[in-house]
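A.B. asks: Below is the file coords39.txt, which contains compact mmCIF, C-alpha atoms.
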# COMPACT_ATOMS: atom_id res chain seq x y z
CA MET O 1 -1.52 -11.11 -70.48
CA THR O 2 -2.16 -12.46 -67.04
CA THR O 3 -2.72 -10.40 -64.04
CA THR O 4 -1.40 -11.38 -60.68
CA THR O 5 -3.15 -10.15 -57.65
CA LEU O 6 -1.75 -9.72 -54.21
CA SER O 7 -3.56 -12.82 -53.05
CA ASP O 8 -1.67 -14.93 -55.63
CA GLN O 9 1.67 -13.94 -54.24
CA VAL O 10 1.18 -13.88 -50.53
CA THR O 11 -0.54 -16.15 -48.15
CA ILE O 12 -2.85 -14.30 -45.84
CA ARG O 13 -3.44 -15.99 -42.56
CA LYS O 14 -5.72 -14.65 -39.95
CA VAL O 15 -4.07 -14.71 -36.57
CA ARG O 16 -6.00 -13.82 -33.49
CA PRO O 17 -4.18 -10.95 -31.77
CA ARG O 18 -2.62 -12.07 -28.55
CA SER O 19 -4.57 -10.77 -25.59
CA ARG O 20 -2.76 -8.59 -23.11
CA PRO O 21 -1.21 -10.86 -20.49
CA PHE O 22 -2.34 -10.71 -16.86
CA GLU O 23 1.01 -9.40 -15.62
CA SER O 24 0.69 -6.43 -17.93
CA TYR O 25 -2.59 -5.46 -16.29
CA ALA O 26 -1.09 -6.11 -12.86
CA TRP O 27 1.81 -3.78 -13.72
CA LEU O 28 -0.58 -1.03 -14.86
CA PHE O 29 -2.78 -1.50 -11.79
CA MET O 30 0.21 -1.09 -9.46
CA ARG O 31 1.16 2.21 -11.12
CA LEU O 32 -2.33 3.69 -11.25
CA SER O 33 -3.42 2.53 -7.79
CA GLY O 34 -0.05 3.63 -6.39
CA ILE O 35 -0.42 7.16 -7.74
CA SER O 36 -4.01 7.37 -6.39
CA LEU O 37 -2.87 6.06 -3.01
CA ILE O 38 -0.43 8.95 -2.59
CA LEU O 39 -3.53 11.11 -2.11
CA LEU O 40 -5.81 8.50 -0.49
CA ALA O 41 -3.37 6.98 2.04
CA VAL O 42 -1.33 10.08 2.89
CA GLY O 43 -4.58 12.08 3.10
CA HIS O 44 -6.00 9.48 5.50
CA MET O 45 -2.93 9.79 7.75
CA VAL O 46 -3.18 13.59 7.67
CA MET O 47 -6.87 13.45 8.68
CA GLN O 48 -6.19 11.04 11.56
CA HIS O 49 -2.90 12.38 12.89
CA ILE O 50 -2.29 15.96 11.78
CA THR O 51 -5.65 17.74 11.61
CA HIS O 52 -6.93 15.53 14.45
CA ASP O 53 -5.03 13.79 17.24
CA VAL O 54 -5.53 10.02 17.25
CA HIS O 55 -5.51 10.16 21.08
CA GLU O 56 -8.86 11.98 21.01
CA VAL O 57 -10.55 9.44 18.72
CA THR O 58 -13.77 7.91 20.09
CA VAL O 59 -16.37 5.63 18.51
CA GLY O 60 -18.73 8.62 18.53
CA TRP O 61 -16.25 10.70 16.52
CA ILE O 62 -15.69 7.89 14.01
CA LEU O 63 -19.41 7.38 13.42
CA GLY O 64 -20.41 11.03 13.66
CA GLN O 65 -17.60 13.13 12.22
CA ARG O 66 -16.12 10.50 9.93
CA TRP O 67 -18.52 7.86 8.67
CA GLY O 68 -21.43 10.25 9.18
CA LEU O 69 -20.12 11.95 6.05
CA THR O 70 -20.75 10.06 2.81
CA TRP O 71 -17.59 11.32 1.10
CA ILE O 72 -15.46 9.88 3.92
CA ARG O 73 -17.12 6.49 3.45
CA VAL O 74 -16.44 6.67 -0.30
CA TRP O 75 -12.83 7.75 0.42
CA ASP O 76 -12.33 4.89 2.90
CA LEU O 77 -13.86 2.34 0.55
CA ALA O 78 -11.54 3.44 -2.28
CA LEU O 79 -8.57 3.48 0.10
CA LEU O 80 -9.44 0.04 1.48
CA SER O 81 -9.78 -1.71 -1.85
CA LEU O 82 -6.92 0.01 -3.70
CA ALA O 83 -4.42 -0.18 -0.82
CA PHE O 84 -5.18 -3.76 0.15
CA ILE O 85 -5.14 -5.15 -3.41
CA HIS O 86 -1.98 -3.11 -4.15
CA GLY O 87 -0.37 -4.55 -1.01
CA LEU O 88 -1.42 -8.12 -1.66
CA ASN O 89 -0.18 -8.00 -5.24
CA GLY O 90 3.11 -6.55 -4.01
CA PHE O 91 3.30 -9.38 -1.47
CA ARG O 92 2.75 -11.86 -4.32
CA ALA O 93 5.64 -10.28 -6.23
CA VAL O 94 7.92 -10.65 -3.21
CA VAL O 95 6.80 -14.24 -2.55
CA GLN O 96 7.46 -15.20 -6.18
CA ASP O 97 11.09 -14.13 -5.75
CA TYR O 98 11.71 -16.48 -2.85
CA ILE O 99 9.52 -19.55 -3.39
CA HIS O 100 10.64 -21.66 -6.33
CA ASN O 101 8.46 -24.74 -5.82
CA ALA O 102 5.54 -24.49 -8.26
CA THR O 103 3.07 -26.31 -5.99
CA ALA O 104 4.00 -24.26 -2.95
CA LEU O 105 3.70 -21.08 -4.99
CA LYS O 106 0.24 -22.05 -6.19
CA LEU O 107 -0.83 -22.75 -2.62
CA VAL O 108 0.52 -19.43 -1.34
CA ARG O 109 -1.21 -17.54 -4.17
CA LEU O 110 -4.48 -19.26 -3.29
CA LEU O 111 -4.01 -18.37 0.38
CA ILE O 112 -3.33 -14.71 -0.50
CA ILE O 113 -6.53 -14.54 -2.55
CA ALA O 114 -8.67 -16.36 0.05
CA ALA O 115 -7.40 -14.47 3.11
CA GLY O 116 -7.40 -11.23 1.12
CA LEU O 117 -11.03 -11.64 0.07
CA ILE O 118 -12.17 -12.32 3.63
CA VAL O 119 -10.38 -9.28 5.11
CA LEU O 120 -11.43 -7.05 2.22
CA LEU O 121 -15.06 -8.10 2.61
CA MET O 122 -14.96 -7.52 6.40
CA GLY O 123 -13.69 -3.99 5.88
CA ALA O 124 -16.09 -3.17 3.06
CA VAL O 125 -19.15 -4.45 4.96
CA ALA O 126 -18.21 -2.36 8.01
CA ILE O 127 -17.68 0.84 5.97
CA VAL O 128 -20.92 0.42 4.01
CA PHE O 129 -23.29 -0.92 6.64
CA VAL O 130 -22.31 0.52 10.03
CA PRO O 131 -25.14 2.89 10.94
CA ALA O 132 -24.19 6.47 11.70
CA PRO O 133 -26.19 8.34 14.37
CA GLY O 134 -28.89 10.58 12.91
CA ARG O 135 -29.00 8.71 9.64
CA MET B 1 13.07 -21.49 2.66
CA SER B 2 15.83 -20.91 5.20
CA ASN B 3 18.41 -21.60 2.48
CA ASN B 4 16.71 -19.04 0.28
CA LEU B 5 16.72 -16.51 3.07
CA GLY B 6 20.40 -17.13 3.80
CA LEU B 7 21.25 -16.81 0.12
CA THR B 8 19.21 -13.62 -0.15
CA LEU B 9 20.93 -12.03 2.82
CA GLU B 10 24.39 -13.14 1.68
CA GLN B 11 23.92 -11.93 -1.89
CA SER B 12 22.32 -8.68 -0.72
CA VAL B 13 25.58 -7.82 0.99
CA LYS B 14 27.78 -9.03 -1.88
CA TYR B 15 25.75 -7.46 -4.68
CA GLN B 16 26.94 -3.88 -4.87
CA GLY B 17 23.91 -2.31 -6.47
CA ARG B 18 24.47 0.91 -4.56
CA TRP B 19 21.54 3.36 -4.33
CA GLY B 20 19.32 1.44 -6.76
CA GLN B 21 19.58 -1.66 -4.62
CA TRP B 22 18.81 0.35 -1.49
CA ALA B 23 15.82 1.99 -3.19
CA TRP B 24 14.49 -1.43 -4.17
CA MET B 25 15.11 -2.96 -0.74
CA PHE B 26 13.53 -0.06 1.20
CA HIS B 27 10.56 -0.16 -1.17
CA ARG B 28 9.96 -3.85 -0.43
CA LEU B 29 10.49 -3.58 3.31
CA SER B 30 8.29 -0.49 3.67
CA GLY B 31 5.62 -2.13 1.48
CA LEU B 32 5.57 -5.30 3.58
CA GLY B 33 5.42 -3.26 6.79
CA ILE B 34 2.51 -1.16 5.53
CA LEU B 35 0.65 -4.31 4.39
CA ALA B 36 1.08 -5.90 7.83
CA PHE B 37 -0.32 -2.80 9.53
CA LEU B 38 -3.09 -2.44 6.96
CA THR B 39 -4.29 -6.02 7.47
CA ILE B 40 -4.56 -5.55 11.24
CA HIS B 41 -6.11 -2.10 10.77
CA ILE B 42 -8.86 -3.39 8.44
CA ALA B 43 -9.66 -6.28 10.76
CA ASP B 44 -9.85 -4.15 13.93
CA THR B 45 -11.77 -1.29 12.30
CA SER B 46 -14.37 -3.72 10.94
CA MET B 47 -15.11 -4.66 14.57
CA VAL B 48 -16.98 -1.35 14.91
CA TYR B 49 -19.68 -3.14 12.90
CA PHE B 50 -19.18 -6.80 13.84
CA TYR B 51 -18.30 -6.55 17.55
CA PRO B 52 -18.21 -2.99 19.01
CA PRO B 53 -16.75 -3.92 22.46
CA LEU B 54 -13.64 -5.24 20.71
CA TYR B 55 -13.40 -2.01 18.73
CA GLU B 56 -13.26 -0.04 21.99
CA GLU B 57 -10.30 -2.21 22.99
CA ALA B 58 -8.64 -1.59 19.64
CA LEU B 59 -9.01 2.19 20.10
CA LYS B 60 -7.30 1.91 23.50
CA LEU B 61 -4.45 0.05 21.81
CA TYR B 62 -4.11 2.79 19.17
CA LYS B 63 -3.67 5.36 21.94
CA SER B 64 -0.90 3.40 23.71
CA VAL B 65 2.69 4.65 23.57
CA PRO B 66 4.22 1.67 21.66
CA PHE B 67 1.48 1.91 19.03
CA GLY B 68 2.00 5.66 18.80
CA ILE B 69 5.71 5.17 18.13
CA GLY B 70 4.87 2.42 15.63
CA GLU B 71 2.58 4.82 13.79
CA ILE B 72 5.43 7.30 13.37
CA PHE B 73 7.39 4.51 11.67
CA LEU B 74 4.28 3.74 9.62
CA ALA B 75 4.13 7.37 8.47
CA GLY B 76 7.81 7.15 7.47
CA ALA B 77 7.33 3.88 5.58
CA LEU B 78 4.23 5.24 3.83
CA LEU B 79 5.92 8.49 2.76
CA TYR B 80 9.05 6.72 1.46
CA HIS B 81 6.95 4.12 -0.39
CA ALA B 82 4.77 6.88 -1.87
CA PHE B 83 7.62 9.05 -3.18
CA ASN B 84 9.85 6.20 -4.34
CA GLY B 85 6.84 4.51 -5.97
CA LEU B 86 6.10 7.77 -7.80
CA ARG B 87 9.70 7.76 -9.09
CA VAL B 88 9.32 4.17 -10.32
CA ALA B 89 6.00 4.95 -12.03
CA LEU B 90 7.36 8.12 -13.67
CA VAL B 91 10.40 6.30 -15.09
CA ASP B 92 8.13 3.45 -16.31
CA PHE B 93 5.79 5.84 -18.11
CA LYS B 94 8.54 8.18 -19.37
CA PRO B 95 11.66 6.04 -20.03
CA GLU B 96 13.67 9.12 -21.06
CA LEU B 97 13.69 10.05 -17.37
CA THR B 98 16.07 7.13 -16.77
CA ARG B 99 18.82 9.70 -17.37
CA TYR B 100 17.77 11.54 -14.20
CA GLN B 101 17.32 8.48 -11.94
CA ARG B 102 20.02 9.66 -9.55
CA GLN B 103 18.59 13.17 -9.21
CA MET B 104 15.13 11.68 -8.73
CA TRP B 105 16.44 9.43 -5.95
CA VAL B 106 17.79 12.54 -4.19
CA GLY B 107 14.40 14.15 -4.81
CA VAL B 108 12.65 11.21 -3.14
CA TRP B 109 14.64 11.74 0.05
CA ALA B 110 14.20 15.51 -0.11
CA LEU B 111 10.41 15.09 -0.32
CA PHE B 112 10.58 12.45 2.41
CA LEU B 113 12.44 14.72 4.83
CA VAL B 114 10.27 17.76 4.12
CA THR B 115 7.07 15.78 4.83
CA PHE B 116 8.21 13.25 7.44
CA LEU B 117 10.01 15.57 9.86
CA PRO B 118 6.99 17.83 10.54
CA ALA B 119 4.69 14.79 10.66
CA ALA B 120 6.97 12.98 13.12
CA TYR B 121 7.13 16.15 15.26
CA ILE B 122 3.33 16.50 15.40
CA MET B 123 2.72 12.77 15.95
CA GLY B 124 5.50 12.53 18.55
CA ARG B 125 4.06 15.53 20.38
CA GLY B 126 0.71 13.72 20.49
CA VAL B 127 2.31 10.60 21.98
CA LEU B 128 4.13 12.65 24.66
CA ARG B 129 0.97 14.63 25.48
CA SER B 130 -0.87 11.36 26.05
CA VAL B 131 1.51 10.60 28.91
CA GLY B 132 1.30 14.13 30.31
CA ILE B 133 4.42 15.69 28.76
CA ASN B 134 3.40 18.97 27.14
CA PHE B 135 5.48 21.30 25.00
What does this structure look like when you write it as structure tokens?
C.D. replies:
Amino acid sequence: MTTTTLSDQVTIRKVRPRSRPFESYAWLFMRLSGISLILLAVGHMVMQHITHDVHEVTVGWILGQRWGLTWIRVWDLALLSLAFIHGLNGFRAVVQDYIHNATALKLVRLLIIAAGLIVLLMGAVAIVFVPAPGR
Amino acid sequence: MSNNLGLTLEQSVKYQGRWGQWAWMFHRLSGLGILAFLTIHIADTSMVYFYPPLYEEALKLYKSVPFGIGEIFLAGALLYHAFNGLRVALVDFKPELTRYQRQMWVGVWALFLVTFLPAAYIMGRGVLRSVGINF
């Protein structure tokens, strides 16, 4: 009497599981950042326009009453990075619908990343490093 | 590019996607508008650190009447994008909600009106006050 084992009947191949594609992460990022931005961006507008009139804004108010508070700097930093990356990725999605030349598309993507990094860095440096009076 | 644009405009009129097409189109247009404002806003705000005299000029610009009117449009674009984006995210995460897409689209506009009208009133009042019209 011979015994057959599972390994005699089937071939077992080890296949590396496919990693989650970039677009899948991009999709998830857009949803999660978008939901966070409802609070961050709308809250920012409320603070600048509803609870305070933008016409009374001075540099002193920005540095004293706004960036003098650490939680506002943290808020603005989160708002800056989430909103800008969300916007740039949305812009990429729009661009991809209208530019069909692969080389041109590559160039535009590169430009979005380069210009985006510069502007993002400018904003982040200002929020983190501008000295507030009495600090 | 110009051919693409022509084709896009022509097909946008011919394609009768009804409310879903409008939702999609408004989402794109509001998103692009917000991104344009955001880019300028990051760059000018960062001047408070990099070149303060220019920031003073930027603040003057923010208090001007055309900019004030533009910011009311910005508030509208932001609120529409926020509520419609929430609808898109909810349907993505809970596909069974697809059944209620139409009701959710009505809900988006209901939320928009309830939040935008008071905001536009308060922001518009601020713009008028800045030119000496009080009410």
A.B. asks: Select, as a PyMOL selection string, those residues of chain O with any atom no more than 6 Å from chain B (distances computed using all atoms listed in the file).
C.D. replies: chain O and resi 31+38+55+87+122-123+126+130
A.B. asks: Between atom CA of O:Leu110 and atom CA of O:Val74, what is the distance in Å, rounded to a tenth?
C.D. replies: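 Atom CA of O:Leu110 sits 28.7 Å away from atom CA of O:Val74.
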A.B. asks: Quick one: residues within 10 Å of O:Leu82, all atoms listed in the file counted, chain neighbours fewer than 4 positions away excluded, as a CSV table (one decimal) with C-alpha atoms, in the coordinates of the input?
C.D. replies:
chain,number,residue,atom,x,y,z
O,29,PHE,CA,-2.8,-1.5,-11.8
O,30,MET,CA,0.2,-1.1,-9.5
O,32,LEU,CA,-2.3,3.7,-11.2
O,33,SER,CA,-3.4,2.5,-7.8
O,34,GLY,CA,0.0,3.6,-6.4
O,36,SER,CA,-4.0,7.4,-6.4
O,37,LEU,CA,-2.9,6.1,-3.0
O,40,LEU,CA,-5.8,8.5,-0.5
O,41,ALA,CA,-3.4,7.0,2.0
O,76,ASP,CA,-12.3,4.9,2.9
O,77,LEU,CA,-13.9,2.3,0.6
O,78,ALA,CA,-11.5,3.4,-2.3
O,86,HIS,CA,-2.0,-3.1,-4.2
O,87,GLY,CA,-0.4,-4.6,-1.0
A.B. asks: In file coordinates, which residues lie within 12 Å of (-16.8, 12.2, 12.1) using all atoms listed in the file, given as a list of chain:residue names?
C.D. replies: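 Residues found, by chain and rising number: O:Met47, O:Gln48, O:His52, O:Glu56, O:Val57, O:Thr58, O:Val59, O:Gly60, O:Trp61, O:Ile62, O:Leu63, O:Gly64, O:Gln65, O:Arg66, O:Trp67, O:Gly68, O:Leu69, O:Thr70, O:Trp71, O:Ile72, O:Arg73, O:Ala132, O:Pro133.
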A.B. asks: For atom CA of O:His49 and atom CA of O:Gly90, determine how far apart the two atoms are, in Å to one decimal place.
C.D. replies: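 Atom-to-atom, atom CA of O:His49 to atom CA of O:Gly90, that is 26.1 Å.
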A.B. asks: Work out how far atom CA of B:Leu117 is from atom CA of O:His44, in Å to one decimal.
C.D. replies: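 We find that atom CA of O:His44 and atom CA of B:Leu117 lie 17.7 Å from each other.
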A.B. asks: Measuring between all atoms listed in the file, which one of B:Ile133, B:Leu97, B:Met25, B:Leu128 shows the shortest distance to O:Asp53?
C.D. replies: B:Leu128
A.B. asks: Quick one: residues within 9 Å of B:Trp105, all atoms listed in the file counted, chain neighbours fewer than 3 positions away excluded, as a PyMOL selection string?
C.D. replies: chain B and resi 19-20+23+84+87+100-102+108-110
A.B. asks: Nearest to O:Leu117 among O:Gln96, O:Ser81, O:Asn101, O:Gln9, with distances taken over all atoms listed in the file: which residue is it?
C.D. replies: O:Ser81
A.B. asks: My list of candidates is B:Ala58, B:Gly124, B:His27, B:Gly107. Which is closest to B:Gly70 when distances are computed with all atoms listed in the file?
C.D. replies: B:Gly124
A.B. asks: Which residue gives the smallest distance to O:Leu111 among O:Ile50, O:Leu88, O:Val15, O:Val125, with all atoms listed in the file counted?
C.D. replies: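 For O:Leu111, the nearest of the given residues is O:Leu88.
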A.B. asks: Using the atoms already present, construct N, CA and C atoms for stretch 18-31 of chain O and hand them back as a PDB file, keeping the file's coordinate frame.
C.D. replies:
ATOM      1  N   ARG O  18      -2.830 -11.543 -29.891  1.00  0.00           N
ATOM      2  CA  ARG O  18      -2.620 -12.070 -28.550  1.00  0.00           C
ATOM      3  C   ARG O  18      -3.221 -11.101 -27.530  1.00  0.00           C
ATOM      4  N   SER O  19      -3.969 -11.648 -26.590  1.00  0.00           N
ATOM      5  CA  SER O  19      -4.570 -10.770 -25.590  1.00  0.00           C
ATOM      6  C   SER O  19      -3.485 -10.312 -24.622  1.00  0.00           C
ATOM      7  N   ARG O  20      -3.731  -9.158 -24.031  1.00  0.00           N
ATOM      8  CA  ARG O  20      -2.760  -8.590 -23.110  1.00  0.00           C
ATOM      9  C   ARG O  20      -2.598  -9.522 -21.916  1.00  0.00           C
ATOM     10  N   PRO O  21      -1.382  -9.913 -21.595  1.00  0.00           N
ATOM     11  CA  PRO O  21      -1.210 -10.860 -20.490  1.00  0.00           C
ATOM     12  C   PRO O  21      -1.568 -10.245 -19.135  1.00  0.00           C
ATOM     13  N   PHE O  22      -1.925 -11.136 -18.198  1.00  0.00           N
ATOM     14  CA  PHE O  22      -2.340 -10.710 -16.860  1.00  0.00           C
ATOM     15  C   PHE O  22      -1.318  -9.800 -16.207  1.00  0.00           C
ATOM     16  N   GLU O  23      -0.039 -10.179 -16.297  1.00  0.00           N
ATOM     17  CA  GLU O  23       1.010  -9.400 -15.620  1.00  0.00           C
ATOM     18  C   GLU O  23       1.073  -7.960 -16.112  1.00  0.00           C
ATOM     19  N   SER O  24       0.676  -7.779 -17.380  1.00  0.00           N
ATOM     20  CA  SER O  24       0.690  -6.430 -17.930  1.00  0.00           C
ATOM     21  C   SER O  24      -0.383  -5.566 -17.255  1.00  0.00           C
ATOM     22  N   TYR O  25      -1.539  -6.166 -17.016  1.00  0.00           N
ATOM     23  CA  TYR O  25      -2.590  -5.460 -16.290  1.00  0.00           C
ATOM     24  C   TYR O  25      -2.178  -5.215 -14.839  1.00  0.00           C
ATOM     25  N   ALA O  26      -1.537  -6.242 -14.251  1.00  0.00           N
ATOM     26  CA  ALA O  26      -1.090  -6.110 -12.860  1.00  0.00           C
ATOM     27  C   ALA O  26      -0.101  -4.954 -12.739  1.00  0.00           C
ATOM     28  N   TRP O  27       0.813  -4.859 -13.714  1.00  0.00           N
ATOM     29  CA  TRP O  27       1.810  -3.780 -13.720  1.00  0.00           C
ATOM     30  C   TRP O  27       1.112  -2.415 -13.785  1.00  0.00           C
ATOM     31  N   LEU O  28       0.135  -2.301 -14.699  1.00  0.00           N
ATOM     32  CA  LEU O  28      -0.580  -1.030 -14.860  1.00  0.00           C
ATOM     33  C   LEU O  28      -1.367  -0.697 -13.598  1.00  0.00           C
ATOM     34  N   PHE O  29      -2.007  -1.724 -13.005  1.00  0.00           N
ATOM     35  CA  PHE O  29      -2.780  -1.500 -11.790  1.00  0.00           C
ATOM     36  C   PHE O  29      -1.899  -0.957 -10.668  1.00  0.00           C
ATOM     37  N   MET O  30      -0.691  -1.536 -10.521  1.00  0.00           N
ATOM     38  CA  MET O  30       0.210  -1.090  -9.460  1.00  0.00           C
ATOM     39  C   MET O  30       0.573   0.382  -9.635  1.00  0.00           C
ATOM     40  N   ARG O  31       0.809   0.811 -10.890  1.00  0.00           N
ATOM     41  CA  ARG O  31       1.160   2.210 -11.120  1.00  0.00           C
ATOM     42  C   ARG O  31      -0.006   3.143 -10.840  1.00  0.00           C
TER      43      ARG O  31
END
